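Okay, entry.txt now, which holds compact mmCIF, C-alpha atoms and all ligand atoms:
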```txt
# COMPACT_ATOMS: atom_id res chain seq x y z
CA MET Q 9 15.27 168.05 151.65
CA LEU Q 10 12.39 167.11 149.38
CA THR Q 11 11.90 163.38 149.02
CA LYS Q 12 9.76 160.99 147.04
CA LYS Q 13 9.01 157.29 146.98
CA CYS Q 14 10.04 155.43 143.83
CA THR Q 15 7.19 153.34 142.43
CA GLU Q 16 9.66 150.72 141.21
CA CYS Q 17 12.08 150.04 144.08
CA LYS Q 18 9.78 151.56 146.74
CA LEU Q 19 12.69 153.46 148.30
CA ILE Q 20 12.33 157.01 149.51
CA LYS Q 21 14.91 159.15 147.79
CA ALA Q 22 15.77 162.79 147.32
CA LEU Q 23 13.84 164.54 144.58
CA THR Q 24 17.11 165.10 142.74
CA GLU Q 25 17.30 161.31 142.32
CA PHE Q 26 14.26 161.50 140.05
CA GLY Q 27 14.49 162.61 136.44
CA LYS Q 28 12.59 165.42 134.74
CA ASN Q 29 13.06 167.77 137.73
CA GLY Q 30 11.63 165.16 140.07
CA PHE Q 31 8.50 164.51 138.05
CA ARG Q 32 9.31 160.91 137.09
CA PHE Q 33 7.67 158.17 139.17
CA GLN Q 34 10.78 155.98 139.07
CA CYS Q 35 14.18 156.96 140.44
CA LYS Q 36 17.16 157.45 138.15
CA SER Q 37 18.80 154.13 139.00
CA CYS Q 38 15.56 152.26 138.27
CA ILE Q 39 15.25 154.07 134.95
CA LYS Q 40 18.84 153.14 134.14
CA GLU Q 41 18.17 149.51 135.01
CA TYR Q 42 15.07 149.57 132.85
CA ASP Q 43 17.01 151.02 129.91
CA ARG Q 44 19.76 148.44 130.36
CA LYS Q 45 17.24 145.60 130.30
CA ARG Q 46 15.49 147.01 127.28
CA TYR Q 47 18.81 147.38 125.51
CA GLU Q 48 19.72 143.79 126.36
CA LYS Q 49 16.39 142.54 125.15
CA ASN Q 50 16.76 144.44 121.90
CA SER Q 51 20.31 143.29 121.37
CA GLU Q 52 19.10 139.73 121.93
CA LYS Q 53 16.45 140.32 119.30
CA LEU Q 54 18.99 141.85 116.97
CA LYS Q 55 21.31 138.90 117.45
CA LYS Q 56 18.55 136.44 116.69
CA TYR Q 57 17.58 138.46 113.66
CA GLN Q 58 21.17 138.43 112.41
CA GLN Q 59 21.45 134.69 113.03
CA ASN Q 60 18.29 134.07 111.08
CA TYR Q 61 19.43 136.33 108.30
CA ARG Q 62 22.75 134.53 108.07
CA LYS Q 63 20.97 131.21 107.98
CA ASN Q 64 18.57 132.23 105.25
CA ASN Q 65 20.95 134.34 103.13
CA PRO Q 66 24.37 132.85 103.72
CA GLU Q 67 25.99 134.34 100.62
CA ARG Q 68 24.53 137.80 101.11
CA ALA Q 69 25.48 137.73 104.80
CA LYS Q 70 29.04 136.79 103.95
CA GLU Q 71 29.23 139.62 101.47
CA ILE Q 72 27.93 142.11 104.01
CA SER Q 73 30.28 140.94 106.69
CA ARG Q 74 33.20 141.05 104.25
CA LYS Q 75 32.34 144.59 103.21
CA SER Q 76 31.85 145.86 106.72
CA SER Q 77 35.09 144.32 107.92
CA GLN Q 78 36.80 145.87 104.90
CA LYS Q 79 35.40 149.26 105.87
CA TYR Q 80 36.50 148.77 109.44
CA LYS Q 81 39.98 147.83 108.28
CA GLU Q 82 40.21 150.96 106.18
CA LYS Q 83 38.93 153.13 108.96
CA TYR Q 84 41.01 151.70 111.83
CA PRO Q 85 44.17 150.12 110.41
CA GLU Q 86 45.97 150.63 113.72
CA ARG Q 87 43.30 148.78 115.66
CA ILE Q 88 43.48 145.89 113.23
CA LYS Q 89 47.24 145.72 113.57
CA GLU Q 90 47.00 145.78 117.33
CA TYR Q 91 44.31 143.11 117.26
CA ASP Q 92 46.35 140.89 114.98
CA ARG Q 93 49.41 141.31 117.16
CA LYS Q 94 47.48 140.43 120.30
CA ARG Q 95 45.80 137.48 118.68
CA TYR Q 96 49.14 136.22 117.49
CA GLU Q 97 50.65 136.63 120.93
CA LYS Q 98 47.77 134.88 122.58
CA ASN Q 99 47.74 132.06 120.11
CA SER Q 100 51.47 131.63 120.04
CA GLU Q 101 51.38 131.10 123.79
CA LYS Q 102 48.58 128.59 123.35
CA LEU Q 103 50.35 126.89 120.50
CA LYS Q 104 53.55 126.64 122.49
CA LYS Q 105 51.71 125.08 125.41
CA TYR Q 106 49.92 122.70 123.12
CA GLN Q 107 53.17 121.64 121.52
CA GLN Q 108 54.82 121.17 124.90
CA ASN Q 109 51.96 119.00 126.05
CA TYR Q 110 51.97 117.01 122.87
CA ARG Q 111 55.70 116.37 123.12
CA LYS Q 112 55.28 115.27 126.70
CA ASN Q 113 52.43 112.90 125.95
CA ASN Q 114 53.67 111.57 122.59
CA PRO Q 115 57.44 111.74 122.72
CA GLU Q 116 57.96 109.23 119.92
CA ARG Q 117 55.50 110.80 117.56
CA ALA Q 118 56.84 114.26 118.30
CA LYS Q 119 60.33 113.08 117.47
CA GLU Q 120 59.13 111.53 114.25
CA SER Q 121 57.22 114.60 113.12
CA ASN Q 122 60.13 116.79 114.10
CA ARG Q 123 62.42 114.62 111.97
CA LYS Q 124 60.03 114.86 109.04
CA TRP Q 125 59.73 118.61 109.41
CA ARG Q 126 63.51 118.98 109.44
CA LYS Q 127 63.80 116.92 106.31
CA LYS Q 128 61.11 118.91 104.56
CA TYR Q 129 62.32 122.40 105.55
CA PRO Q 130 66.09 122.32 105.96
CA GLU Q 131 66.27 126.04 105.23
CA ARG Q 132 63.93 126.90 108.04
CA VAL Q 133 65.83 124.65 110.41
CA LYS Q 134 69.00 126.48 109.54
CA GLU Q 135 67.34 129.82 109.97
CA SER Q 136 65.82 129.03 113.33
CA ARG Q 137 69.09 127.57 114.53
CA GLN Q 138 70.86 130.74 113.47
CA LYS Q 139 68.31 132.87 115.28
CA HIS Q 140 68.56 130.75 118.37
CA LYS Q 141 72.32 131.05 118.28
CA GLU Q 142 72.09 134.82 118.08
CA LYS Q 143 69.57 134.97 120.86
CA TYR Q 144 71.11 132.50 123.30
CA PRO Q 145 74.84 132.22 122.60
CA GLU Q 146 75.47 131.08 126.17
CA ARG Q 147 73.01 128.24 125.94
CA ILE Q 148 74.54 127.03 122.70
CA LYS Q 149 77.99 127.08 124.20
CA GLU Q 150 76.74 125.18 127.22
CA TYR Q 151 75.00 122.64 125.01
CA GLU Q 152 78.09 122.11 122.90
CA ARG Q 153 80.25 121.73 125.97
CA LYS Q 154 77.92 119.10 127.40
CA ARG Q 155 77.77 117.25 124.15
CA LYS Q 156 81.52 117.18 123.96
CA GLU Q 157 81.65 115.73 127.46
CA LYS Q 158 79.05 113.12 126.70
CA TYR Q 159 80.10 112.09 123.21
CA PRO Q 160 83.71 113.14 122.76
CA GLU Q 161 84.22 110.70 119.91
CA LYS Q 162 81.16 111.78 118.01
CA VAL Q 163 82.01 115.44 118.32
CA LYS Q 164 85.54 114.79 117.15
CA GLU Q 165 84.27 112.79 114.24
CA ASN Q 166 81.80 115.52 113.29
CA ASN Q 167 84.44 118.19 113.50
CA ARG Q 168 86.73 116.11 111.33
CA LYS Q 169 83.97 115.60 108.80
CA SER Q 170 82.99 119.23 108.63
CA LYS Q 171 86.63 120.20 108.19
CA GLN Q 172 86.85 117.66 105.41
CA ASN Q 173 83.73 119.04 103.84
CA ILE Q 174 85.11 122.53 103.89
CA LYS Q 175 88.32 121.27 102.37
CA ALA Q 176 86.46 119.34 99.73
CA ASP Q 177 84.39 122.40 99.01
CA ILE Q 178 87.48 124.55 98.63
CA ASN Q 179 89.08 121.92 96.42
CA PHE Q 180 86.00 121.73 94.30
CA ARG Q 181 85.81 125.48 93.92
CA SER Q 182 89.43 125.86 93.01
CA MET Q 183 89.14 123.01 90.57
CA LEU Q 184 86.09 124.61 89.06
CA ALA Q 185 87.91 127.92 88.77
CA LEU Q 186 90.82 126.17 87.15
CA VAL Q 187 88.61 124.38 84.64
CA GLN Q 188 86.80 127.59 83.85
CA SER Q 189 89.99 129.55 83.33
CA GLN Q 190 91.39 126.76 81.16
CA SER Q 191 88.30 126.56 79.03
CA ILE Q 192 88.38 130.33 78.54
CA GLY Q 193 92.10 130.31 77.80
ZN ZN E 201 13.83 153.21 142.17
```

Could I get this structure in the form of structure tokens?
Amino acid sequence: MLTKKCTECKLIKALTEFGKNGFRFQCKSCIKEYDRKRYEKNSEKLKKYQQNYRKNNPERAKEISRKSSQKYKEKYPERIKEYDRKRYEKNSEKLKKYQQNYRKNNPERAKESNRKWRKKYPERVKESRQKHKEKYPERIKEYERKRKEKYPEKVKENNRKSKQNIKADINFRSMLALVQSQSIG
């Protein structure tokens, strides 16, 4: 086997390990390493250049970045979707953890902000409750059972009230219907 000493790493290697039919002074892995370093150096330069450019032409840089991301979006809509989905997943996990921690460390404040949120978005509360019910019917049942055990009077009272509300609602509707029919007739 024909061999040669690499001028870079000083190792004796087979001629086939040298490029250009064995005519290069450095072995292939040294050449690769050299290319990698050069690439890194250039990408560092490029990065610095971009940073400087952004600093000196903020508006123009924004415009360029907007346009190129627009192009990318048009070219790879699937990738964007996938990226968004992943980002959402990642962040929703983070957000959940953050919220859990916050609740643990500031129970009173969490309660207060929860109360405020409920007051502000009753529709969303309803919706999420509905979803939760559909997703975990067993848990809801269990929760209701426990509540009944713990506060039998309260539950009774609530049930009575909601029945009353339904009744009142029905009464109101029938009255309304009656009034409407009378005013037409
Ligand atoms: Zn070498």

- Can I get the residues close to ligand ZN 201 (chain E) as a VMD selection string, where close means within 10 Å and we count all atoms listed in the file? chain Q and resid 13 to 21 25 to 26 33 to 41

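Interatomic distance, atom CA of Q:Leu103 to atom CA of Q:Ser121: 15.9 Å.
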
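Distance-wise, atom CA of Q:Glu90 and atom CA of Q:Glu142 end up 27.4 Å apart.
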
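What separates atom CA of Q:Ser77 from atom CA of Q:Tyr91 is a distance of 13.2 Å.
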
- Message: I'd like to know which of Q:Lys134, Q:Thr24, Q:Ala69, Q:Glu120 is closest to Q:Tyr57, using only C-alpha atoms.
- Response: Q:Ala69

Missing atoms in stretch 104-133 of chain Q: fill them in up to N, CA and C atoms and send the result as a PDB file, keeping the file's coordinate frame.
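Just written: part11.pdb:
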```
ATOM      1  N   LYS Q 104      52.356 127.127 121.798  1.00  0.00           N
ATOM      2  CA  LYS Q 104      53.550 126.640 122.490  1.00  0.00           C
ATOM      3  C   LYS Q 104      53.169 125.622 123.552  1.00  0.00           C
ATOM      4  N   LYS Q 105      52.151 125.978 124.342  1.00  0.00           N
ATOM      5  CA  LYS Q 105      51.710 125.080 125.410  1.00  0.00           C
ATOM      6  C   LYS Q 105      51.209 123.769 124.829  1.00  0.00           C
ATOM      7  N   TYR Q 106      50.458 123.893 123.756  1.00  0.00           N
ATOM      8  CA  TYR Q 106      49.920 122.700 123.120  1.00  0.00           C
ATOM      9  C   TYR Q 106      51.051 121.792 122.651  1.00  0.00           C
ATOM     10  N   GLN Q 107      52.040 122.404 122.021  1.00  0.00           N
ATOM     11  CA  GLN Q 107      53.170 121.640 121.520  1.00  0.00           C
ATOM     12  C   GLN Q 107      53.935 120.973 122.658  1.00  0.00           C
ATOM     13  N   GLN Q 108      54.124 121.738 123.733  1.00  0.00           N
ATOM     14  CA  GLN Q 108      54.820 121.170 124.900  1.00  0.00           C
ATOM     15  C   GLN Q 108      54.088 119.959 125.436  1.00  0.00           C
ATOM     16  N   ASN Q 109      52.768 120.114 125.552  1.00  0.00           N
ATOM     17  CA  ASN Q 109      51.960 119.000 126.050  1.00  0.00           C
ATOM     18  C   ASN Q 109      52.054 117.803 125.125  1.00  0.00           C
ATOM     19  N   TYR Q 110      51.943 118.094 123.850  1.00  0.00           N
ATOM     20  CA  TYR Q 110      51.970 117.010 122.870  1.00  0.00           C
ATOM     21  C   TYR Q 110      53.289 116.249 122.963  1.00  0.00           C
ATOM     22  N   ARG Q 111      54.376 116.998 123.019  1.00  0.00           N
ATOM     23  CA  ARG Q 111      55.700 116.370 123.120  1.00  0.00           C
ATOM     24  C   ARG Q 111      55.803 115.492 124.353  1.00  0.00           C
ATOM     25  N   LYS Q 112      55.223 116.011 125.446  1.00  0.00           N
ATOM     26  CA  LYS Q 112      55.280 115.270 126.700  1.00  0.00           C
ATOM     27  C   LYS Q 112      54.494 113.974 126.598  1.00  0.00           C
ATOM     28  N   ASN Q 113      53.317 114.063 125.973  1.00  0.00           N
ATOM     29  CA  ASN Q 113      52.430 112.900 125.950  1.00  0.00           C
ATOM     30  C   ASN Q 113      52.727 111.930 124.801  1.00  0.00           C
ATOM     31  N   ASN Q 114      53.344 112.442 123.730  1.00  0.00           N
ATOM     32  CA  ASN Q 114      53.670 111.570 122.590  1.00  0.00           C
ATOM     33  C   ASN Q 114      55.108 111.771 122.153  1.00  0.00           C
ATOM     34  N   PRO Q 115      56.039 111.417 123.026  1.00  0.00           N
ATOM     35  CA  PRO Q 115      57.440 111.740 122.720  1.00  0.00           C
ATOM     36  C   PRO Q 115      57.906 111.127 121.407  1.00  0.00           C
ATOM     37  N   GLU Q 116      57.481 109.897 121.134  1.00  0.00           N
ATOM     38  CA  GLU Q 116      57.960 109.230 119.920  1.00  0.00           C
ATOM     39  C   GLU Q 116      57.423 109.890 118.673  1.00  0.00           C
ATOM     40  N   ARG Q 117      56.120 110.154 118.712  1.00  0.00           N
ATOM     41  CA  ARG Q 117      55.500 110.800 117.560  1.00  0.00           C
ATOM     42  C   ARG Q 117      56.071 112.181 117.323  1.00  0.00           C
ATOM     43  N   ALA Q 118      56.290 112.911 118.423  1.00  0.00           N
ATOM     44  CA  ALA Q 118      56.840 114.260 118.300  1.00  0.00           C
ATOM     45  C   ALA Q 118      58.197 114.207 117.642  1.00  0.00           C
ATOM     46  N   LYS Q 119      59.000 113.238 118.054  1.00  0.00           N
ATOM     47  CA  LYS Q 119      60.330 113.080 117.470  1.00  0.00           C
ATOM     48  C   LYS Q 119      60.225 112.821 115.972  1.00  0.00           C
ATOM     49  N   GLU Q 120      59.307 111.903 115.643  1.00  0.00           N
ATOM     50  CA  GLU Q 120      59.130 111.530 114.250  1.00  0.00           C
ATOM     51  C   GLU Q 120      58.695 112.726 113.411  1.00  0.00           C
ATOM     52  N   SER Q 121      57.707 113.488 113.929  1.00  0.00           N
ATOM     53  CA  SER Q 121      57.220 114.600 113.120  1.00  0.00           C
ATOM     54  C   SER Q 121      58.271 115.696 113.040  1.00  0.00           C
ATOM     55  N   ASN Q 122      59.033 115.836 114.108  1.00  0.00           N
ATOM     56  CA  ASN Q 122      60.130 116.790 114.100  1.00  0.00           C
ATOM     57  C   ASN Q 122      61.149 116.415 113.015  1.00  0.00           C
ATOM     58  N   ARG Q 123      61.465 115.111 112.950  1.00  0.00           N
ATOM     59  CA  ARG Q 123      62.420 114.620 111.970  1.00  0.00           C
ATOM     60  C   ARG Q 123      61.918 114.905 110.552  1.00  0.00           C
ATOM     61  N   LYS Q 124      60.623 114.634 110.356  1.00  0.00           N
ATOM     62  CA  LYS Q 124      60.030 114.860 109.040  1.00  0.00           C
ATOM     63  C   LYS Q 124      60.087 116.339 108.658  1.00  0.00           C
ATOM     64  N   TRP Q 125      59.750 117.171 109.652  1.00  0.00           N
ATOM     65  CA  TRP Q 125      59.730 118.610 109.410  1.00  0.00           C
ATOM     66  C   TRP Q 125      61.129 119.100 109.008  1.00  0.00           C
ATOM     67  N   ARG Q 126      62.138 118.587 109.722  1.00  0.00           N
ATOM     68  CA  ARG Q 126      63.510 118.980 109.440  1.00  0.00           C
ATOM     69  C   ARG Q 126      63.919 118.602 108.027  1.00  0.00           C
ATOM     70  N   LYS Q 127      63.452 117.410 107.629  1.00  0.00           N
ATOM     71  CA  LYS Q 127      63.800 116.920 106.310  1.00  0.00           C
ATOM     72  C   LYS Q 127      63.122 117.770 105.236  1.00  0.00           C
ATOM     73  N   LYS Q 128      61.896 118.179 105.551  1.00  0.00           N
ATOM     74  CA  LYS Q 128      61.110 118.910 104.560  1.00  0.00           C
ATOM     75  C   LYS Q 128      61.567 120.357 104.442  1.00  0.00           C
ATOM     76  N   TYR Q 129      61.955 120.980 105.562  1.00  0.00           N
ATOM     77  CA  TYR Q 129      62.320 122.400 105.550  1.00  0.00           C
ATOM     78  C   TYR Q 129      63.713 122.635 106.106  1.00  0.00           C
ATOM     79  N   PRO Q 130      64.730 122.128 105.419  1.00  0.00           N
ATOM     80  CA  PRO Q 130      66.090 122.320 105.960  1.00  0.00           C
ATOM     81  C   PRO Q 130      66.461 123.792 106.089  1.00  0.00           C
ATOM     82  N   GLU Q 131      65.924 124.611 105.181  1.00  0.00           N
ATOM     83  CA  GLU Q 131      66.270 126.040 105.230  1.00  0.00           C
ATOM     84  C   GLU Q 131      65.750 126.685 106.501  1.00  0.00           C
ATOM     85  N   ARG Q 132      64.518 126.312 106.838  1.00  0.00           N
ATOM     86  CA  ARG Q 132      63.930 126.900 108.040  1.00  0.00           C
ATOM     87  C   ARG Q 132      64.658 126.431 109.293  1.00  0.00           C
ATOM     88  N   VAL Q 133      65.079 125.178 109.265  1.00  0.00           N
ATOM     89  CA  VAL Q 133      65.830 124.650 110.410  1.00  0.00           C
ATOM     90  C   VAL Q 133      67.091 125.468 110.601  1.00  0.00           C
TER      91      VAL Q 133
END
```
